[in-house]
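Have a look at the structure below before the remarks.
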Amino acid sequence: MAKQEELVQGGKPSEMEKIKKESNYLRGTIAEGLEDRITGAISEKDNLLLKFHGSYQQDDRDLRNERRRQKLEPAYSFMIRVRVPGGVLTPQQWLEMDAIGQNYGGNTMRLTTRQTIQFHGIIKSNLKKTMQDINKAVMTSIAACGDVNRNVMCNPNPYQSAVHAEVMEWTQKINDHLLPRTKAYHEIWLDHEKVVDSRDDEPIYGEVYLPRKFKIGVAVPPTNDVDVFSQDLGLIAILEDGKLAGFNISVGGGMGMTHGDDTTYPQIGRVIGYSPLDKIIEVCENIVKIQRDFGNRSDRKHARFKYTIDSRGLDWVTNELNERLGWKLEEAREYHFDHNGDRLGWLENDGKWHFTMFIQSGRIKDVEGYELMTGLREIAKVHKGDFRVTGNQNVIIANVSAKEKAKINELIKKYGLTDGKHYTALKQNSMSCVAFPTCGLAMAESERYLPSLLDKLEVILEETGLREEEIVIRMTGCPNGCARPALAEIGFIGKAPGKYNLYLGGGFAGERLNKLYKENIGEEEILDTLRPIFESYAKERQENEHFGDYVIRAGIVKKVENGMDFHS
């Protein structure tokens, strides 16, 4: 493998590249920092390395000003994200995660848009204990964040369970194959014996890992609930005679951008060919290595795979991949996506029942009148199947036998758990990121604000007869794109406290980016802006025409064909 420091694209390596290189394969001084009881924080360099271990240092921004007035350091705590390939957990693992939420995470846990579970508010003295409890559940947080391949997503939908097991098996293989090999995680968190020389630990990543994060998702048409085109590498399952034959390969998706910098933009993945099943691991590894060798290590704003491809061209990446493989990808097979949402409630497939539960913004906690966390805990105690976290922040109680269904249903009713069908279709198709108070990047509220905005929008939908019309709506507190707002039919991206950029025209099945319609607007203008558009959509829509398609046909926004045209 060529020396990666000689493959810097764009100039001098960034400070992060230096930190990774000097970290001794992600060790840094994390272990020493955990022992420092004078502060609730760790050093800035170690915080950057901590991401590779699945954790971020944060502080409670609601308390920041008051603590500053009291001359106290910020209320530091840590987020831990668990790696859950395909979002599948056993009931026992669910109980273990629930216990972590109770013991260390403020009596809550959160389902993410990448089918994982994350915890917030973990203080430094509990960080190692939490990591060890995750390990006891036969789970890990390594590479849930950082400049590596992250949690591999997989279509979890219950009505496709006939092929889910096989697709999930390949998801797990890809996930395991692309895990970092460094022993640092086990040394720091699990007290394994230290390795003196770990020079050969990273045959795929090398000593400085990737230029930025890398995401993979596996979709099974016609369902695109993993938003396969938002992924750096998307795998689209191709079935022949009802069996998995291989995957179409999509490359270069990514949602993040920077406000005010038009050289950054969200991008959708583009299909470059087809790989037979037995070669898919080889394909994934070599695509990751292309980004390792050619990604921008000078400017992290331009370090994602989408920029590597867009600067060199789609033909270049295809040729580079074929050359490394020693064989050529085949021509892409036909496929079709018709939606990217979840099918809520009870569904039956091959004698097994599955209940998809609506979880607003993925937040699992008990509140007055709704014991969601307790209810799921009690279900996990008797459930014999599995739990599946969806890419839409919901959870599926999957593989329930006909005999077991009555018991599960009784608990669902006892705790008032819901499939969300009494909500408008807009709320059922909503997502948001965490934002305030814990995310240091947030510019505006998201999880805490979206429900109240949806309540106001639902009044308009009722008045216009659109209550049952499925419209994908997403909100983030900043432009990093965690809830994939650039793919929504209605997208909100935080600009400042109480202010959002409004985007319209994304594809209902996640196949098209949206377009900026209004900038830096508050709630009153949001409602005044969307009301007449909803009214005209209700009157003028064609049969089976989705909202995102309508606003383009009506000339409200222009269609975005490519992310490089997102700002034009």
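Residue numbering restarts at 1 for every chain of the structure tokens, chains are lettered A, B, ... in their displayed order, and ligands are numbered from 1 as they appear.
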
Tell me, as a ChimeraX atom specification, which residues lie within 12 Å of A:Ile38, counting only C-alpha atoms; anything in the same chain fewer than 6 positions away does not count.
/A:73,124-125

Closest-contact table, stretch 135-240 of chain A side, partner stretch 298-304 of chain A, 12 Å, counting only C-alpha atoms, as a tab-separated table:
residue	atom	partner	partner_atom	distance
A:Asp147	CA	A:Arg304	CA	9.8
A:Val148	CA	A:Arg304	CA	11.2
A:Asn149	CA	A:Arg304	CA	11.7
A:Leu210	CA	A:Ala303	CA	9.0
A:Pro211	CA	A:Ala303	CA	5.7
A:Arg212	CA	A:Arg304	CA	5.7
A:Lys213	CA	A:Arg304	CA	7.0
A:Phe214	CA	A:Arg304	CA	7.5
A:Lys215	CA	A:Arg304	CA	10.0
A:Gln231	CA	A:Arg304	CA	10.7
A:Asp232	CA	A:Arg304	CA	8.0
A:Leu233	CA	A:Arg304	CA	11.4

Would you give me, as JSON, numbers by chain, the residues in stretch 182-333 of chain A that DSSP reads as strand (DSSP E or B)?
{"A": [214, 216, 217, 218, 219, 220, 223, 233, 234, 235, 236, 237, 238, 239, 240, 243, 244, 245, 246, 247, 248, 249, 250, 251, 254, 258, 261, 267, 270, 271, 272, 273, 274, 275, 276, 330]}

How would the residues just picked look written out with N, CA, C and O atoms as a short mmCIF file (atom, residue, chain, number, x, y, z; two decimals), in the first residue's frame?
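Once everything was written out, this is out-v3.cif:
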data_model
loop_
_atom_site.label_atom_id
_atom_site.label_comp_id
_atom_site.auth_asym_id
_atom_site.auth_seq_id
_atom_site.Cartn_x
_atom_site.Cartn_y
_atom_site.Cartn_z
N PHE A 214 -17.55 7.41 6.42
CA PHE A 214 -17.98 6.65 5.24
C PHE A 214 -19.20 5.84 5.65
O PHE A 214 -19.21 5.18 6.69
N ILE A 216 -22.47 3.13 4.49
CA ILE A 216 -22.96 2.10 3.57
C ILE A 216 -24.38 1.72 3.97
O ILE A 216 -24.69 1.57 5.16
N GLY A 217 -25.23 1.56 2.98
CA GLY A 217 -26.60 1.11 3.22
C GLY A 217 -27.03 0.09 2.19
O GLY A 217 -26.63 0.17 1.02
N VAL A 218 -27.82 -0.88 2.63
CA VAL A 218 -28.30 -1.96 1.76
C VAL A 218 -29.82 -1.86 1.66
O VAL A 218 -30.52 -1.92 2.68
N ALA A 219 -30.32 -1.71 0.46
CA ALA A 219 -31.76 -1.56 0.23
C ALA A 219 -32.30 -2.73 -0.59
O ALA A 219 -31.61 -3.24 -1.48
N VAL A 220 -33.52 -3.13 -0.28
CA VAL A 220 -34.19 -4.19 -1.04
C VAL A 220 -35.42 -3.59 -1.72
O VAL A 220 -36.41 -3.31 -1.06
N THR A 223 -38.50 -1.08 -1.50
CA THR A 223 -38.42 -0.25 -0.30
C THR A 223 -37.05 0.40 -0.19
O THR A 223 -36.03 -0.29 -0.19
N LEU A 233 -21.67 4.59 -0.17
CA LEU A 233 -21.78 3.36 -0.96
C LEU A 233 -23.13 2.74 -0.69
O LEU A 233 -23.45 2.36 0.43
N GLY A 234 -23.95 2.67 -1.71
CA GLY A 234 -25.28 2.06 -1.60
C GLY A 234 -25.34 0.76 -2.35
O GLY A 234 -24.84 0.65 -3.48
N LEU A 235 -25.91 -0.26 -1.72
CA LEU A 235 -26.07 -1.56 -2.35
C LEU A 235 -27.56 -1.82 -2.53
O LEU A 235 -28.32 -1.83 -1.56
N ILE A 236 -27.96 -2.01 -3.77
CA ILE A 236 -29.36 -2.23 -4.11
C ILE A 236 -29.53 -3.70 -4.47
O ILE A 236 -29.01 -4.18 -5.47
N ALA A 237 -30.24 -4.43 -3.61
CA ALA A 237 -30.37 -5.87 -3.78
C ALA A 237 -31.15 -6.20 -5.06
O ALA A 237 -32.18 -5.61 -5.34
N ILE A 238 -30.62 -7.15 -5.79
CA ILE A 238 -31.27 -7.64 -7.01
C ILE A 238 -31.69 -9.09 -6.76
O ILE A 238 -30.85 -9.95 -6.45
N LEU A 239 -32.99 -9.33 -6.87
CA LEU A 239 -33.54 -10.67 -6.64
C LEU A 239 -33.84 -11.35 -7.96
O LEU A 239 -34.35 -10.72 -8.89
N GLU A 240 -33.55 -12.61 -8.03
CA GLU A 240 -33.90 -13.43 -9.19
C GLU A 240 -34.63 -14.67 -8.69
O GLU A 240 -34.11 -15.42 -7.86
N LYS A 243 -34.83 -14.89 -4.99
CA LYS A 243 -33.61 -15.11 -4.23
C LYS A 243 -32.59 -14.01 -4.51
O LYS A 243 -32.55 -13.46 -5.61
N LEU A 244 -31.75 -13.72 -3.55
CA LEU A 244 -30.75 -12.68 -3.69
C LEU A 244 -29.66 -13.14 -4.65
O LEU A 244 -29.00 -14.15 -4.43
N ALA A 245 -29.46 -12.35 -5.72
CA ALA A 245 -28.45 -12.70 -6.74
C ALA A 245 -27.21 -11.83 -6.64
O ALA A 245 -26.09 -12.29 -6.90
N GLY A 246 -27.38 -10.57 -6.30
CA GLY A 246 -26.26 -9.64 -6.23
C GLY A 246 -26.76 -8.25 -5.91
O GLY A 246 -27.90 -8.07 -5.47
N PHE A 247 -25.90 -7.25 -6.18
CA PHE A 247 -26.26 -5.88 -5.83
C PHE A 247 -25.85 -4.91 -6.93
O PHE A 247 -24.75 -5.01 -7.48
N ASN A 248 -26.75 -3.96 -7.23
CA ASN A 248 -26.32 -2.78 -7.96
C ASN A 248 -25.51 -1.91 -7.02
O ASN A 248 -25.79 -1.84 -5.82
N ILE A 249 -24.51 -1.22 -7.58
CA ILE A 249 -23.60 -0.41 -6.78
C ILE A 249 -23.86 1.07 -7.04
O ILE A 249 -23.74 1.55 -8.16
N SER A 250 -24.20 1.80 -5.97
CA SER A 250 -24.39 3.25 -6.05
C SER A 250 -23.28 3.92 -5.23
O SER A 250 -22.96 3.46 -4.12
N VAL A 251 -22.69 4.99 -5.76
CA VAL A 251 -21.58 5.63 -5.05
C VAL A 251 -21.78 7.14 -4.99
O VAL A 251 -22.41 7.75 -5.85
N GLY A 254 -24.26 11.67 0.00
CA GLY A 254 -23.85 12.33 1.24
C GLY A 254 -24.69 13.56 1.47
O GLY A 254 -24.99 14.30 0.54
N THR A 258 -22.12 23.09 4.28
CA THR A 258 -21.85 24.20 5.18
C THR A 258 -22.62 25.41 4.70
O THR A 258 -22.53 25.78 3.52
N ASP A 261 -21.31 28.27 2.04
CA ASP A 261 -20.21 27.75 1.23
C ASP A 261 -20.79 26.90 0.11
O ASP A 261 -21.11 25.73 0.29
N GLN A 267 -25.43 15.43 -1.93
CA GLN A 267 -25.33 14.74 -3.22
C GLN A 267 -26.04 13.40 -3.12
O GLN A 267 -26.13 12.80 -2.04
N ARG A 270 -24.96 7.60 -7.32
CA ARG A 270 -25.23 7.25 -8.71
C ARG A 270 -24.81 5.81 -8.97
O ARG A 270 -23.74 5.39 -8.51
N VAL A 271 -25.65 5.08 -9.66
CA VAL A 271 -25.41 3.65 -9.90
C VAL A 271 -24.36 3.47 -10.99
O VAL A 271 -24.48 4.03 -12.08
N ILE A 272 -23.33 2.68 -10.68
CA ILE A 272 -22.23 2.49 -11.65
C ILE A 272 -22.14 1.06 -12.17
O ILE A 272 -21.32 0.79 -13.06
N GLY A 273 -22.96 0.14 -11.68
CA GLY A 273 -22.90 -1.22 -12.18
C GLY A 273 -23.46 -2.22 -11.20
O GLY A 273 -24.12 -1.86 -10.21
N TYR A 274 -23.21 -3.48 -11.48
CA TYR A 274 -23.76 -4.60 -10.70
C TYR A 274 -22.64 -5.56 -10.33
O TYR A 274 -21.73 -5.83 -11.12
N SER A 275 -22.73 -6.08 -9.11
CA SER A 275 -21.77 -7.09 -8.65
C SER A 275 -22.50 -8.36 -8.26
O SER A 275 -23.49 -8.31 -7.52
N PRO A 276 -21.99 -9.52 -8.69
CA PRO A 276 -22.55 -10.79 -8.19
C PRO A 276 -22.34 -10.88 -6.69
O PRO A 276 -21.45 -10.24 -6.12
N GLU A 330 -20.57 -5.56 -13.82
CA GLU A 330 -21.53 -5.82 -14.89
C GLU A 330 -22.49 -4.64 -15.03
O GLU A 330 -22.54 -3.76 -14.17
#

Quick one: everything within 12 Å of A:Asp386, counting only C-alpha atoms, minus sequence neighbours fewer than 4 positions away in the same chain. Send it as a VMD selection string.
chain A and resid 87 to 95 156 158 165 352 to 355 379 to 382 395 to 401

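Among A:Gly269, A:Gly420, A:Pro222, A:Gly28, the residue with the shortest atom-to-atom distance to A:Phe358, counting only C-alpha atoms, is A:Gly420.
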
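In this comparison, which uses only C-alpha atoms, the residue of A:Arg333, A:Lys384, A:His186, A:Arg150 approaching A:Arg27 most closely is A:His186.
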
Hey, which bits of stretch 8-110 of chain A sit within 12 Å of stretch 167-181 of chain A, and for each residue what's the closest pair of atoms and how far apart in Å (one decimal), counting only C-alpha atoms, rows by chain and increasing number, as a Markdown table?
| residue | atom | partner | partner_atom | distance |
| --- | --- | --- | --- | --- |
| A:Tyr25 | CA | A:Arg181 | CA | 9.1 |
| A:Leu26 | CA | A:Pro180 | CA | 10.0 |
| A:Phe52 | CA | A:Pro180 | CA | 9.1 |
| A:His53 | CA | A:Pro180 | CA | 10.1 |
| A:Arg83 | CA | A:Asn175 | CA | 9.4 |
| A:Val84 | CA | A:Gln172 | CA | 9.4 |
| A:Pro85 | CA | A:Gln172 | CA | 6.1 |
| A:Gly86 | CA | A:Met168 | CA | 6.5 |
| A:Gly87 | CA | A:Met168 | CA | 9.6 |
| A:Val88 | CA | A:Met168 | CA | 8.8 |

Contact residues around A:Arg363 with only C-alpha atoms at 7 Å, ignoring same-chain residues under 4 positions, as a list in words:
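Skipping anything fewer than 4 positions along the chain leaves Met109, Arg110, Leu111 and Ile359 of chain A.
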
For all heavy atoms, I'd like the residues from the last selection saved as an mmCIF file, in the first residue's frame.
data_model
loop_
_atom_site.group_PDB
_atom_site.id
_atom_site.type_symbol
_atom_site.label_atom_id
_atom_site.label_comp_id
_atom_site.auth_asym_id
_atom_site.auth_seq_id
_atom_site.Cartn_x
_atom_site.Cartn_y
_atom_site.Cartn_z
ATOM 1 N N MET A 109 -33.130 6.574 25.820
ATOM 2 C CA MET A 109 -32.209 6.216 24.746
ATOM 3 C C MET A 109 -32.843 6.664 23.443
ATOM 4 O O MET A 109 -34.046 6.929 23.374
ATOM 5 C CB MET A 109 -31.896 4.716 24.736
ATOM 6 C CG MET A 109 -33.059 3.782 24.609
ATOM 7 S SD MET A 109 -32.461 2.051 24.755
ATOM 8 C CE MET A 109 -33.968 1.135 24.390
ATOM 9 N N ARG A 110 -32.011 6.788 22.422
ATOM 10 C CA ARG A 110 -32.513 7.362 21.179
ATOM 11 C C ARG A 110 -32.173 6.473 19.994
ATOM 12 O O ARG A 110 -31.032 6.035 19.839
ATOM 13 C CB ARG A 110 -31.922 8.759 20.944
ATOM 14 C CG ARG A 110 -32.669 9.558 19.878
ATOM 15 C CD ARG A 110 -32.137 10.964 19.828
ATOM 16 N NE ARG A 110 -33.004 11.843 19.050
ATOM 17 C CZ ARG A 110 -32.954 11.981 17.722
ATOM 18 N NH1 ARG A 110 -32.089 11.261 17.028
ATOM 19 N NH2 ARG A 110 -33.758 12.808 17.090
ATOM 20 N N LEU A 111 -33.178 6.219 19.174
ATOM 21 C CA LEU A 111 -32.982 5.483 17.938
ATOM 22 C C LEU A 111 -32.535 6.468 16.870
ATOM 23 O O LEU A 111 -33.153 7.508 16.676
ATOM 24 C CB LEU A 111 -34.288 4.801 17.508
ATOM 25 C CG LEU A 111 -35.011 3.965 18.570
ATOM 26 C CD1 LEU A 111 -36.252 3.308 17.968
ATOM 27 C CD2 LEU A 111 -34.082 2.919 19.175
ATOM 28 N N ILE A 359 -42.137 5.899 16.644
ATOM 29 C CA ILE A 359 -41.378 6.539 17.720
ATOM 30 C C ILE A 359 -41.038 7.957 17.263
ATOM 31 O O ILE A 359 -40.192 8.123 16.383
ATOM 32 C CB ILE A 359 -40.069 5.784 18.048
ATOM 33 C CG1 ILE A 359 -40.313 4.279 18.223
ATOM 34 C CG2 ILE A 359 -39.400 6.401 19.270
ATOM 35 C CD1 ILE A 359 -41.024 3.892 19.479
#

Nearest residue to A:Leu426 out of A:Lys495, A:Arg541, A:Phe547, A:Glu17, using only C-alpha atoms?
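Ranked by minimum distance to A:Leu426, first place goes to A:Phe547.
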
Residues within 8 Å of A:Pro266, only C-alpha atoms, excluding chain neighbours under 3 positions, as a PyMOL selection string:
chain A and resi 253-257+486+513+563+566

DSSP helix (DSSP H, G or I) residues within stretch 460-557 of chain A, as a PyMOL selection string:
chain A and resi 460-464+485-487+523-540+547-553

With a distance cut-off of 12 Å and only C-alpha atoms, select the neighbouring residues of A:Glu15, excluding the residue or stretch itself and same-chain residues fewer than 3 positions from it, and output the selection as an mmCIF file with N, CA and C atoms, in the first residue's frame.
data_model
loop_
_atom_site.group_PDB
_atom_site.id
_atom_site.type_symbol
_atom_site.label_atom_id
_atom_site.label_comp_id
_atom_site.auth_asym_id
_atom_site.auth_seq_id
_atom_site.Cartn_x
_atom_site.Cartn_y
_atom_site.Cartn_z
ATOM 1 N N LYS A 12 -1.512 20.682 2.065
ATOM 2 C CA LYS A 12 -0.979 20.241 3.340
ATOM 3 C C LYS A 12 -2.032 19.480 4.128
ATOM 4 N N LYS A 18 -2.847 14.920 11.218
ATOM 5 C CA LYS A 18 -1.695 14.850 12.119
ATOM 6 C C LYS A 18 -2.067 14.147 13.419
ATOM 7 N N ILE A 19 -3.256 14.465 13.941
ATOM 8 C CA ILE A 19 -3.716 13.843 15.193
ATOM 9 C C ILE A 19 -3.860 12.334 15.017
ATOM 10 N N LYS A 20 -4.448 11.912 13.913
ATOM 11 C CA LYS A 20 -4.614 10.474 13.666
ATOM 12 C C LYS A 20 -3.261 9.781 13.534
ATOM 13 N N LYS A 21 -2.355 10.430 12.801
ATOM 14 C CA LYS A 21 -1.041 9.820 12.551
ATOM 15 C C LYS A 21 -0.248 9.634 13.840
ATOM 16 N N GLU A 22 -0.384 10.602 14.750
ATOM 17 C CA GLU A 22 0.375 10.557 16.007
ATOM 18 C C GLU A 22 -0.351 9.801 17.116
ATOM 19 N N GLU A 44 -8.947 18.265 23.776
ATOM 20 C CA GLU A 44 -9.534 18.450 22.451
ATOM 21 C C GLU A 44 -9.071 17.368 21.480
ATOM 22 N N LYS A 45 -7.772 17.038 21.506
ATOM 23 C CA LYS A 45 -7.253 16.011 20.595
ATOM 24 C C LYS A 45 -7.871 14.650 20.909
ATOM 25 N N LEU A 48 -11.373 14.267 19.617
ATOM 26 C CA LEU A 48 -11.436 13.948 18.194
ATOM 27 C C LEU A 48 -11.180 12.456 17.955
ATOM 28 N N VAL A 208 -3.688 6.382 9.128
ATOM 29 C CA VAL A 208 -4.457 7.628 9.230
ATOM 30 C C VAL A 208 -5.917 7.438 8.814
ATOM 31 N N PRO A 211 -10.241 9.861 5.013
ATOM 32 C CA PRO A 211 -10.262 11.327 5.134
ATOM 33 C C PRO A 211 -11.461 11.842 5.935
ATOM 34 N N ARG A 297 -7.418 15.108 2.061
ATOM 35 C CA ARG A 297 -6.936 15.091 3.441
ATOM 36 C C ARG A 297 -6.444 16.466 3.894
ATOM 37 N N SER A 298 -6.734 17.477 3.100
ATOM 38 C CA SER A 298 -6.328 18.835 3.434
ATOM 39 C C SER A 298 -7.505 19.650 3.977
ATOM 40 N N ASP A 299 -8.660 19.517 3.355
ATOM 41 C CA ASP A 299 -9.849 20.300 3.712
ATOM 42 C C ASP A 299 -10.975 19.348 4.070
ATOM 43 N N ARG A 300 -11.297 19.241 5.344
ATOM 44 C CA ARG A 300 -12.310 18.272 5.776
ATOM 45 C C ARG A 300 -13.712 18.609 5.254
#

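Around A:Ser77, within 10 Å and counting only C-alpha atoms, the residues found are Gly40, Ala41, Tyr56, Gln57, Gln58, Asp59, Asp60, Pro74, Ala75, Met79, Gly105, His120, Gly121, Ile122, Ile123, Lys124, Ser125, Asn126, Leu127 and Thr438 of chain A, once anything fewer than 2 positions away on its own chain is removed.
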
Output N, CA, C and O atoms for every residue in that selection, as an mmCIF file, in the first residue's frame.
data_model
loop_
_atom_site.group_PDB
_atom_site.id
_atom_site.type_symbol
_atom_site.label_atom_id
_atom_site.label_comp_id
_atom_site.auth_asym_id
_atom_site.auth_seq_id
_atom_site.Cartn_x
_atom_site.Cartn_y
_atom_site.Cartn_z
ATOM 1 N N GLY A 40 -14.531 17.388 34.058
ATOM 2 C CA GLY A 40 -15.462 16.442 33.440
ATOM 3 C C GLY A 40 -15.218 16.258 31.968
ATOM 4 O O GLY A 40 -15.961 15.544 31.292
ATOM 5 N N ALA A 41 -14.157 16.889 31.455
ATOM 6 C CA ALA A 41 -13.850 16.846 30.026
ATOM 7 C C ALA A 41 -12.580 16.044 29.778
ATOM 8 O O ALA A 41 -11.881 15.634 30.697
ATOM 9 N N TYR A 56 -18.815 11.055 21.519
ATOM 10 C CA TYR A 56 -18.514 12.473 21.386
ATOM 11 C C TYR A 56 -18.611 13.125 22.765
ATOM 12 O O TYR A 56 -19.517 12.808 23.538
ATOM 13 N N GLN A 57 -17.726 14.056 23.032
ATOM 14 C CA GLN A 57 -17.888 14.896 24.216
ATOM 15 C C GLN A 57 -18.862 16.019 23.893
ATOM 16 O O GLN A 57 -18.780 16.635 22.830
ATOM 17 N N GLN A 58 -19.791 16.293 24.787
ATOM 18 C CA GLN A 58 -20.779 17.343 24.597
ATOM 19 C C GLN A 58 -20.939 18.115 25.907
ATOM 20 O O GLN A 58 -20.337 17.757 26.920
ATOM 21 N N ASP A 59 -21.736 19.170 25.874
ATOM 22 C CA ASP A 59 -22.129 19.799 27.128
ATOM 23 C C ASP A 59 -23.565 20.273 26.987
ATOM 24 O O ASP A 59 -24.082 20.434 25.877
ATOM 25 N N ASP A 60 -24.225 20.468 28.116
ATOM 26 C CA ASP A 60 -25.625 20.877 28.125
ATOM 27 C C ASP A 60 -25.708 22.362 27.797
ATOM 28 O O ASP A 60 -25.378 23.220 28.613
ATOM 29 N N PRO A 74 -18.311 24.089 31.635
ATOM 30 C CA PRO A 74 -19.570 23.598 31.063
ATOM 31 C C PRO A 74 -19.978 22.256 31.666
ATOM 32 O O PRO A 74 -19.131 21.515 32.190
ATOM 33 N N ALA A 75 -21.268 21.955 31.592
ATOM 34 C CA ALA A 75 -21.779 20.680 32.121
ATOM 35 C C ALA A 75 -21.453 19.582 31.114
ATOM 36 O O ALA A 75 -22.297 19.137 30.345
ATOM 37 N N MET A 79 -21.848 11.480 24.578
ATOM 38 C CA MET A 79 -22.776 10.664 23.809
ATOM 39 C C MET A 79 -22.043 9.391 23.417
ATOM 40 O O MET A 79 -20.880 9.443 23.017
ATOM 41 N N GLY A 105 -27.782 7.019 31.140
ATOM 42 C CA GLY A 105 -28.215 7.905 30.063
ATOM 43 C C GLY A 105 -29.438 8.746 30.349
ATOM 44 O O GLY A 105 -30.156 9.128 29.412
ATOM 45 N N HIS A 120 -27.165 9.820 25.577
ATOM 46 C CA HIS A 120 -26.633 11.140 25.867
ATOM 47 C C HIS A 120 -26.525 11.334 27.375
ATOM 48 O O HIS A 120 -27.167 10.639 28.163
ATOM 49 N N GLY A 121 -25.724 12.315 27.769
ATOM 50 C CA GLY A 121 -25.647 12.690 29.174
ATOM 51 C C GLY A 121 -24.809 11.779 30.045
ATOM 52 O O GLY A 121 -24.945 11.792 31.273
ATOM 53 N N ILE A 122 -23.927 10.993 29.453
ATOM 54 C CA ILE A 122 -23.088 10.077 30.236
ATOM 55 C C ILE A 122 -21.885 10.854 30.767
ATOM 56 O O ILE A 122 -21.102 11.409 29.991
ATOM 57 N N ILE A 123 -21.733 10.914 32.065
ATOM 58 C CA ILE A 123 -20.621 11.662 32.637
ATOM 59 C C ILE A 123 -19.328 10.860 32.505
ATOM 60 O O ILE A 123 -19.346 9.642 32.339
ATOM 61 N N LYS A 124 -18.211 11.557 32.582
ATOM 62 C CA LYS A 124 -16.918 10.934 32.293
ATOM 63 C C LYS A 124 -16.635 9.728 33.187
ATOM 64 O O LYS A 124 -16.105 8.713 32.720
ATOM 65 N N SER A 125 -17.001 9.817 34.460
ATOM 66 C CA SER A 125 -16.713 8.712 35.377
ATOM 67 C C SER A 125 -17.506 7.457 35.046
ATOM 68 O O SER A 125 -17.165 6.363 35.503
ATOM 69 N N ASN A 126 -18.566 7.602 34.250
ATOM 70 C CA ASN A 126 -19.371 6.446 33.849
ATOM 71 C C ASN A 126 -19.094 5.982 32.427
ATOM 72 O O ASN A 126 -19.696 4.998 31.966
ATOM 73 N N LEU A 127 -18.205 6.684 31.735
ATOM 74 C CA LEU A 127 -17.989 6.386 30.318
ATOM 75 C C LEU A 127 -17.443 4.979 30.118
ATOM 76 O O LEU A 127 -17.947 4.206 29.290
ATOM 77 N N THR A 438 -27.825 19.047 23.468
ATOM 78 C CA THR A 438 -26.546 18.335 23.573
ATOM 79 C C THR A 438 -25.636 18.472 22.362
ATOM 80 O O THR A 438 -24.412 18.398 22.509
#

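When only C-alpha atoms are used to measure the gap to A:Arg512, the shortest distance among A:Glu368, A:Asp549, A:Glu35, A:Asp262 belongs to A:Asp549.
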
Atom CA of A:Lys407 to atom CA of A:Asn155, straight-line distance in Å:
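So the two atoms, atom CA of A:Asn155 and atom CA of A:Lys407, lie 26.7 Å apart.
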
From the list A:His192, A:Lys518, A:Lys306, A:Arg474, which residue is nearest A:Gln132 when using only C-alpha atoms?
A:His192

Counting only C-alpha atoms, which of A:Ser430, A:Ser536, A:Asn340, A:Ser14 gets nearest to A:Phe492?
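Of the candidates, the smallest distance to A:Phe492 is held by A:Ser430.
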